[in-house]
Structures are given as structure tokens and as C-alpha cells.
file model_25.pdb (PDB, C-alpha atoms)
ATOM      1  CA  MET A   1      91.236  81.814  99.359
ATOM      2  CA  ARG A   2      94.831  82.719  98.547
ATOM      3  CA  PHE A   3      95.427  84.276  95.128
ATOM      4  CA  PRO A   4      96.633  87.590  93.654
ATOM      5  CA  HIS A   5      94.057  89.728  91.871
ATOM      6  CA  THR A   6      94.788  91.153  88.434
ATOM      7  CA  ILE A   7      94.161  94.860  87.841
ATOM      8  CA  PHE A   8      90.839  93.926  86.258
ATOM      9  CA  GLY A   9      90.002  91.684  89.162
ATOM     10  CA  LEU A  10      90.945  94.416  91.606
ATOM     11  CA  ALA A  11      88.684  96.897  89.869
ATOM     12  CA  MET A  12      85.807  94.415  89.978
ATOM     13  CA  LEU A  13      86.458  93.710  93.636
ATOM     14  CA  LEU A  14      86.529  97.381  94.504
ATOM     15  CA  ALA A  15      83.413  98.050  92.474
ATOM     16  CA  ALA A  16      81.623  95.312  94.376
ATOM     17  CA  GLU A  17      82.821  96.888  97.659
ATOM     18  CA  ILE A  18      83.772  93.537  99.145
ATOM     19  CA  PRO A  19      85.195  94.109 102.635
ATOM     20  CA  ALA A  20      88.983  93.895 102.602
ATOM     21  CA  ARG A  21      91.203  92.321 105.234
ATOM     22  CA  ALA A  22      94.881  92.978 105.908
ATOM     23  CA  GLU A  23      96.710  92.413 102.628
ATOM     24  CA  TYR A  24      99.541  93.716 100.447
ATOM     25  CA  ALA A  25      99.008  96.044  97.502
ATOM     26  CA  VAL A  26     101.640  95.525  94.808
ATOM     27  CA  LEU A  27     102.284  98.639  92.710
ATOM     28  CA  ARG A  28     103.542  98.823  89.143
ATOM     29  CA  ASN A  29     106.834 100.352  90.340
ATOM     30  CA  GLY A  30     107.507  97.241  92.431
ATOM     31  CA  LEU A  31     106.621  98.686  95.827
ATOM     32  CA  ARG A  32     104.618  96.368  98.075
ATOM     33  CA  LEU A  33     102.432  98.162 100.624
ATOM     34  CA  HIS A  34     100.927  96.549 103.696
ATOM     35  CA  ILE A  35      97.293  97.670 103.735
ATOM     36  CA  THR A  36      94.346  97.230 106.065
ATOM     37  CA  GLY A  37      91.760  98.160 103.466
ATOM     38  CA  TYR A  38      91.135  99.896 100.160
ATOM     39  CA  GLU A  39      88.331 101.610  98.282
ATOM     40  CA  ARG A  40      87.722 102.863  94.764
ATOM     41  CA  GLU A  41      87.411 106.626  94.217
ATOM     42  CA  GLY A  42      86.776 107.448  90.571
ATOM     43  CA  ASP A  43      89.815 106.271  88.604
ATOM     44  CA  GLY A  44      91.881 106.039  91.778
ATOM     45  CA  VAL A  45      92.237 103.727  94.751
ATOM     46  CA  ARG A  46      92.605 104.790  98.364
ATOM     47  CA  LEU A  47      94.912 102.338 100.152
ATOM     48  CA  HIS A  48      94.615 102.321 103.927
ATOM     49  CA  VAL A  49      97.980 101.868 105.640
ATOM     50  CA  ALA A  50      99.108 102.126 109.231
ATOM     51  CA  GLY A  51      98.816 105.730 110.332
ATOM     52  CA  GLY A  52      96.862 107.003 107.327
ATOM     53  CA  HIS A  53      96.129 106.352 103.670
ATOM     54  CA  ILE A  54      97.711 106.613 100.232
ATOM     55  CA  GLN A  55      95.878 107.631  97.057
ATOM     56  CA  VAL A  56      97.030 105.989  93.812
ATOM     57  CA  ARG A  57      95.646 105.507  90.321
ATOM     58  CA  ALA A  58      93.926 102.147  89.872
ATOM     59  CA  ALA A  59      96.256 101.406  86.970
ATOM     60  CA  GLU A  60      99.241 101.633  89.331
ATOM     61  CA  VAL A  61      98.011  98.654  91.370
ATOM     62  CA  THR A  62      99.007  95.360  89.766
ATOM     63  CA  ALA A  63      97.863  92.972  92.492
ATOM     64  CA  ILE A  64      96.387  92.574  95.945
ATOM     65  CA  GLU A  65      98.013  89.650  97.735
ATOM     66  CA  PRO A  66      96.940  87.990 100.988
ATOM     67  CA  GLU A  67      98.927  88.977 104.039
ATOM     68  CA  GLU A  68      99.774  85.342 104.727
ATOM     69  CA  ARG A  69     102.239  85.362 101.804
ATOM     70  CA  PHE A  70     104.644  87.550 103.795
ATOM     71  CA  PRO A  71     105.665  87.937 107.473
ATOM     72  CA  ARG A  72     103.402  90.260 109.400
ATOM     73  CA  LEU A  73     104.967  93.640 110.177
ATOM     74  CA  ALA A  74     103.698  93.433 113.742
ATOM     75  CA  GLU A  75     105.481  90.102 114.156
ATOM     76  CA  ARG A  76     108.745  91.482 112.750
ATOM     77  CA  MET A  77     108.896  94.648 114.855
ATOM     78  CA  PRO A  78     106.080  94.726 117.417
ATOM     79  CA  GLU A  79     107.910  97.069 119.789
ATOM     80  CA  GLU A  80     108.270  99.960 117.300
ATOM     81  CA  PHE A  81     105.520  99.688 114.724
ATOM     82  CA  PRO A  82     104.446 102.212 113.506
ATOM     83  CA  TYR A  83     107.594 104.040 114.719
ATOM     84  CA  ALA A  84     105.849 107.068 116.195
ATOM     85  CA  SER A  85     108.550 107.606 118.829
ATOM     86  CA  LEU A  86     111.368 107.426 116.259
ATOM     87  CA  ILE A  87     109.575 109.831 113.930
ATOM     88  CA  ARG A  88     108.921 112.262 116.769
ATOM     89  CA  ALA A  89     112.546 112.142 117.941
ATOM     90  CA  ALA A  90     113.920 112.759 114.436
ATOM     91  CA  ALA A  91     111.442 115.576 113.847
ATOM     92  CA  GLU A  92     112.404 117.342 117.060
ATOM     93  CA  LYS A  93     116.145 116.869 116.446
ATOM     94  CA  HIS A  94     116.079 118.290 112.918
ATOM     95  CA  GLY A  95     113.318 120.851 113.294
ATOM     96  CA  LEU A  96     110.773 119.240 110.987
ATOM     97  CA  GLU A  97     107.163 118.345 111.660
ATOM     98  CA  GLU A  98     106.489 114.728 112.523
ATOM     99  CA  GLU A  99     103.359 114.835 110.332
ATOM    100  CA  LEU A 100     105.585 115.597 107.334
ATOM    101  CA  LEU A 101     107.975 112.751 108.105
ATOM    102  CA  ALA A 102     105.119 110.303 108.634
ATOM    103  CA  SER A 103     103.600 111.408 105.317
ATOM    104  CA  VAL A 104     106.874 110.840 103.458
ATOM    105  CA  ILE A 105     107.263 107.403 105.042
ATOM    106  CA  ALA A 106     103.671 106.491 104.152
ATOM    107  CA  ALA A 107     104.260 107.452 100.514
ATOM    108  CA  GLU A 108     107.728 105.916 100.295
ATOM    109  CA  SER A 109     107.245 102.537 101.962
ATOM    110  CA  GLY A 110     103.811 102.297 103.561
ATOM    111  CA  PHE A 111     105.706 101.916 106.886
ATOM    112  CA  ASP A 112     107.375  98.701 105.710
ATOM    113  CA  PRO A 113     110.956  98.721 107.094
ATOM    114  CA  ARG A 114     112.023  95.998 104.635
ATOM    115  CA  ALA A 115     110.710  97.736 101.515
ATOM    116  CA  VAL A 116     113.051  97.781  98.501
ATOM    117  CA  SER A 117     112.267  99.654  95.292
ATOM    118  CA  PRO A 118     113.166  98.404  91.791
ATOM    119  CA  LYS A 119     115.919 101.046  91.763
ATOM    120  CA  GLY A 120     117.368  99.770  95.034
ATOM    121  CA  ALA A 121     116.020 102.328  97.523
ATOM    122  CA  GLN A 122     115.724 100.738 100.944
ATOM    123  CA  GLY A 123     113.732 100.876 104.143
ATOM    124  CA  LEU A 124     111.115 103.163 105.598
ATOM    125  CA  MET A 125     112.288 106.364 103.907
ATOM    126  CA  GLN A 126     113.617 104.553 100.823
ATOM    127  CA  LEU A 127     117.256 105.589 100.977
ATOM    128  CA  MET A 128     119.353 104.961  97.895
ATOM    129  CA  PRO A 129     122.603 103.125  98.753
ATOM    130  CA  ALA A 130     124.766 106.121  97.778
ATOM    131  CA  THR A 131     122.706 108.459  99.949
ATOM    132  CA  ALA A 132     122.754 106.007 102.844
ATOM    133  CA  ALA A 133     126.538 105.684 102.560
ATOM    134  CA  ARG A 134     127.021 109.450 102.504
ATOM    135  CA  LEU A 135     124.878 109.763 105.622
ATOM    136  CA  GLU A 136     126.876 106.978 107.284
ATOM    137  CA  VAL A 137     123.972 104.562 107.565
ATOM    138  CA  ARG A 138     125.240 101.110 108.490
ATOM    139  CA  ASP A 139     121.905  99.325 108.075
ATOM    140  CA  ALA A 140     119.261 100.994 105.914
ATOM    141  CA  PHE A 141     116.675  98.473 107.092
ATOM    142  CA  ASP A 142     117.078  99.533 110.707
ATOM    143  CA  PRO A 143     114.123 101.864 111.396
ATOM    144  CA  ALA A 144     116.046 104.168 113.730
ATOM    145  CA  GLN A 145     118.966 104.656 111.325
ATOM    146  CA  ASN A 146     116.707 104.953 108.295
ATOM    147  CA  ILE A 147     114.381 107.550 109.820
ATOM    148  CA  GLU A 148     117.288 109.580 111.213
ATOM    149  CA  ALA A 149     119.130 109.623 107.878
ATOM    150  CA  GLY A 150     116.002 110.188 105.791
ATOM    151  CA  THR A 151     115.053 113.126 108.004
ATOM    152  CA  ARG A 152     118.543 114.622 107.681
ATOM    153  CA  TYR A 153     118.373 114.247 103.913
ATOM    154  CA  LEU A 154     114.928 115.842 103.678
ATOM    155  CA  LYS A 155     116.150 118.710 105.881
ATOM    156  CA  GLU A 156     119.133 119.178 103.540
ATOM    157  CA  LEU A 157     116.829 119.374 100.541
ATOM    158  CA  LEU A 158     114.508 121.873 102.237
ATOM    159  CA  GLY A 159     117.538 124.043 102.956
ATOM    160  CA  ARG A 160     118.799 123.681  99.399
ATOM    161  CA  TYR A 161     115.461 124.876  97.994
ATOM    162  CA  GLN A 162     114.850 127.608 100.576
ATOM    163  CA  GLY A 163     112.011 125.766 102.272
ATOM    164  CA  ASP A 164     110.098 124.971  99.063
ATOM    165  CA  LEU A 165     108.473 121.679 100.034
ATOM    166  CA  ARG A 166     107.406 120.788  96.497
ATOM    167  CA  LEU A 167     110.958 121.121  95.162
ATOM    168  CA  ALA A 168     112.362 119.239  98.153
ATOM    169  CA  LEU A 169     109.915 116.385  97.608
ATOM    170  CA  ALA A 170     110.673 116.362  93.881
ATOM    171  CA  ALA A 171     114.373 116.052  94.666
ATOM    172  CA  TYR A 172     113.710 113.363  97.266
ATOM    173  CA  ASN A 173     111.784 111.339  94.698
ATOM    174  CA  ALA A 174     113.645 111.991  91.443
ATOM    175  CA  GLY A 175     116.995 113.284  92.685
ATOM    176  CA  PRO A 176     118.373 116.847  92.967
ATOM    177  CA  GLU A 177     120.093 116.514  89.601
ATOM    178  CA  ARG A 178     116.709 116.155  87.912
ATOM    179  CA  VAL A 179     115.386 119.279  89.619
ATOM    180  CA  THR A 180     118.465 121.111  88.391
ATOM    181  CA  GLN A 181     118.110 119.645  84.894
ATOM    182  CA  TYR A 182     114.493 120.754  84.524
ATOM    183  CA  LYS A 183     114.912 123.946  86.583
ATOM    184  CA  GLY A 184     112.016 122.912  88.770
ATOM    185  CA  ILE A 185     109.763 119.929  89.292
ATOM    186  CA  PRO A 186     110.626 117.264  86.676
ATOM    187  CA  PRO A 187     107.855 116.379  84.200
ATOM    188  CA  PHE A 188     107.629 112.815  85.497
ATOM    189  CA  ALA A 189     104.150 111.491  86.265
ATOM    190  CA  GLU A 190     105.525 109.442  89.160
ATOM    191  CA  THR A 191     107.226 112.445  90.759
ATOM    192  CA  ARG A 192     104.234 114.728  90.368
ATOM    193  CA  ALA A 193     101.905 112.070  91.785
ATOM    194  CA  TYR A 194     104.330 111.537  94.664
ATOM    195  CA  ILE A 195     104.315 115.239  95.540
ATOM    196  CA  ARG A 196     100.518 115.360  95.489
ATOM    197  CA  ARG A 197     100.290 112.215  97.598
ATOM    198  CA  VAL A 198     102.676 113.482 100.277
ATOM    199  CA  GLN A 199     101.065 116.923 100.401
ATOM    200  CA  ARG A 200      97.590 115.429 100.705
ATOM    201  CA  GLU A 201      98.707 113.036 103.435
ATOM    202  CA  TYR A 202     100.557 115.850 105.214
ATOM    203  CA  ALA A 203      97.488 118.105 105.161
ATOM    204  CA  ASP A 204      95.283 115.309 106.491
ATOM    205  CA  ARG A 205      97.704 114.563 109.326
ATOM    206  CA  LYS A 206      98.019 118.241 110.238
ATOM    207  CA  LYS A 207      94.261 118.563 110.305
ATOM    208  CA  ALA A 208      93.900 115.487 112.486
ATOM    209  CA  ALA A 209      96.603 116.714 114.870
ATOM    210  CA  ALA A 210      94.872 120.075 115.240
ATOM    211  CA  SER A 211      91.454 118.595 115.971
TER     212      SER A 211
END
call {"tool": "encode", "arguments": {"input": "model_25.pdb", "output": "C-alpha cells"}}
result
Amino acid sequence: MRFPHTIFGLAMLLAAEIPARAEYAVLRNGLRLHITGYEREGDGVRLHVAGGHIQVRAAEVTAIEPEERFPRLAERMPEEFPYASLIRAAAEKHGLEEELLASVIAAESGFDPRAVSPKGAQGLMQLMPATAARLEVRDAFDPAQNIEAGTRYLKELLGRYQGDLRLALAAYNAGPERVTQYKGIPPFAETRAYIRRVQREYADRKKAAAS
């Protein structure tokens, strides 16, 4: 059966705990995440993506669409998905932890190299065109270029905020000018949820790597 679920339908489906297959979760902000499963947790939904999971509020999910509606990621880029070698190389080059980079990518694009946000951010690490141009990115949808530039940008932000990860993530999500405007983390629900999501994913990945 091929049809998108409404938010109500999604909630009913999750409540019934019907086994999920590979699908796409469409979020209210326009992001489409490739998922392998999902489950309801209180008023939230845990979306299972390649390499981990993302926690979102149920109200943020507008539809679950069958995978057949879009090209499979594995068919588009079988040799690099899920880009572990590129993430590791960028992490080593710029002195960041690969678990952090993977967590940012999971939150930004769900490891979809063709992801585009409603505001125009592109690729795995959701680079805005101006940022991509400044970092001399020729093709923001190229995983290698995107991960390299996104890692450089995140490293810049960590340096700018003296290693404060929360401020760096806030600037990555909302822009440094907003952090300056509000003299700290902006009071945007999306930004605050983004920070929590990345930190939770980061902690889970660190724990898994240590075990």
C-alpha cells in the first residue's frame, strides 16, 4: 500500500506498534529523513536512521512516505553510504571526534546527501549557499566536499565560542548572528531541540564506541 500518513494516522500507527519498513519521515520544517523504523515515546517519536536515531516531537512529523517514492540512498551512493571513512578522515584532519560529526549529520540530514532545507541548506551537513561559497565548496551535494566543509565550519564555531559545544551548535543551526543577538543560545524551539538532539546522539555514539 503506497500512501502518506497524516500526523493523526502516524500517531495511530505508532500506537498500534505496526512494524515499520524502510520509509521516509517528512518533518514540518521540510526535511525528509530516510528511516528504517520508528517508535512512539510519550509525546515524541524516535526515528531510526542509518548509524543511529533521531528523537523528534510527534507534532514535527507531517508524514511517513514509502521508500519507493524516492531513489534508494544505497542505489545512489552504495560505495560510500553511510560515509564512515569520510567522517573519520575529516575528524582526524580537523581534530574533532567522528561521533560528533556523525551526530550533526544525523540531525541535519539523516545521512541524505541530497537533502535540501526550506531555507536552502544543502547536503549531508546542510551548508547554506553563502557558507559553502566562503568555504570554496564547488558541489554541496558531494559527500566528501560537504563533510569537509561542514567539519571546518563546525571547528570554526567551536573556536569562536571557546569550545562551548552548545553555543557552537546553536550557531550552526541558527547562525552566529543570532547567538550574538541573544548573547547566548537563541530562544528558538527548533534550535534548542536541535542542540538536545545532537547532544543525545553524540552521547549515545560515544557510549557505543567505548563499549
call {"tool": "atom_distance", "arguments": {"input": "model_25.pdb", "atom1": "atom CA of A:Ser103", "atom2": "atom CA of A:Ser211"}}
result
17.7 Å
call {"tool": "residues_near_point", "arguments": {"input": "model_25.pdb", "point": "(100.6, 105.6, 89.4)", "cutoff": "10 Å", "atoms": "only C-alpha atoms", "output": "CSV table (one decimal) with C-alpha atoms, keeping the file's coordinate frame"}}
result
chain,number,residue,atom,x,y,z
A,27,LEU,CA,102.3,98.6,92.7
A,28,ARG,CA,103.5,98.8,89.1
A,29,ASN,CA,106.8,100.4,90.3
A,44,GLY,CA,91.9,106.0,91.8
A,55,GLN,CA,95.9,107.6,97.1
A,56,VAL,CA,97.0,106.0,93.8
A,57,ARG,CA,95.6,105.5,90.3
A,58,ALA,CA,93.9,102.1,89.9
A,59,ALA,CA,96.3,101.4,87.0
A,60,GLU,CA,99.2,101.6,89.3
A,61,VAL,CA,98.0,98.7,91.4
A,189,ALA,CA,104.2,111.5,86.3
A,190,GLU,CA,105.5,109.4,89.2
A,191,THR,CA,107.2,112.4,90.8
A,192,ARG,CA,104.2,114.7,90.4
A,193,ALA,CA,101.9,112.1,91.8
A,194,TYR,CA,104.3,111.5,94.7
call {"tool": "atom_distance", "arguments": {"input": "model_25.pdb", "atom1": "atom CA of A:Ala84", "atom2": "atom CA of A:Ala102"}}
result
8.3 Å
call {"tool": "residues_around", "arguments": {"input": "model_25.pdb", "residues": "stretch 135-147 of chain A", "least_positions_apart": "6", "cutoff": "6 Å", "atoms": "all atoms listed in the file", "output": "list in words"}}
result
Pro113, Arg114 and Gly123 of chain A
call {"tool": "atom_distance", "arguments": {"input": "model_25.pdb", "atom1": "atom CA of A:Gly184", "atom2": "atom CA of A:Tyr172"}}
result
12.9 Å
call {"tool": "closest_residue", "arguments": {"input": "model_25.pdb", "among": "A:Ala133, A:Val179, A:Ala208, A:Leu96", "to": "A:Leu154", "atoms": "only C-alpha atoms"}}
result
A:Leu96
call {"tool": "residues_around", "arguments": {"input": "model_25.pdb", "residues": "stretch 163-167 of chain A", "least_positions_apart": "5", "cutoff": "10 Å", "atoms": "all atoms listed in the file", "output": "list in words"}}
result
Leu100, Leu154, Lys155, Glu156, Leu157, Leu158, Tyr172, Asn173, Pro176, Val179, Lys183, Gly184, Ile185, Pro186, Arg192, Tyr194, Ile195, Arg196, Val198 and Gln199 of chain A
call {"tool": "closest_residue", "arguments": {"input": "model_25.pdb", "among": "A:Val49, A:Val104, A:Ala115, A:Ile87", "to": "A:Ala170", "atoms": "all atoms listed in the file"}}
result
A:Val104
call {"tool": "closest_residue", "arguments": {"input": "model_25.pdb", "among": "A:Ala90, A:Ala209, A:Ala107, A:Ala171", "to": "A:His34", "atoms": "all atoms listed in the file"}}
result
A:Ala107
call {"tool": "residues_around", "arguments": {"input": "model_25.pdb", "residues": "A:Leu124", "least_positions_apart": "3", "cutoff": "6 Å", "atoms": "all atoms listed in the file", "output": "list of chain:residue names"}}
result
A:Ile105, A:Ser109, A:Phe111, A:Asp112, A:Pro113
call {"tool": "closest_residue", "arguments": {"input": "model_25.pdb", "among": "A:Leu86, A:Val26, A:Ile54, A:Leu127", "to": "A:Ala106", "atoms": "all atoms listed in the file"}}
result
A:Ile54
call {"tool": "closest_residue", "arguments": {"input": "model_25.pdb", "among": "A:Gln162, A:Ser85, A:Ile35, A:Ala174", "to": "A:Gln126", "atoms": "all atoms listed in the file"}}
result
A:Ala174
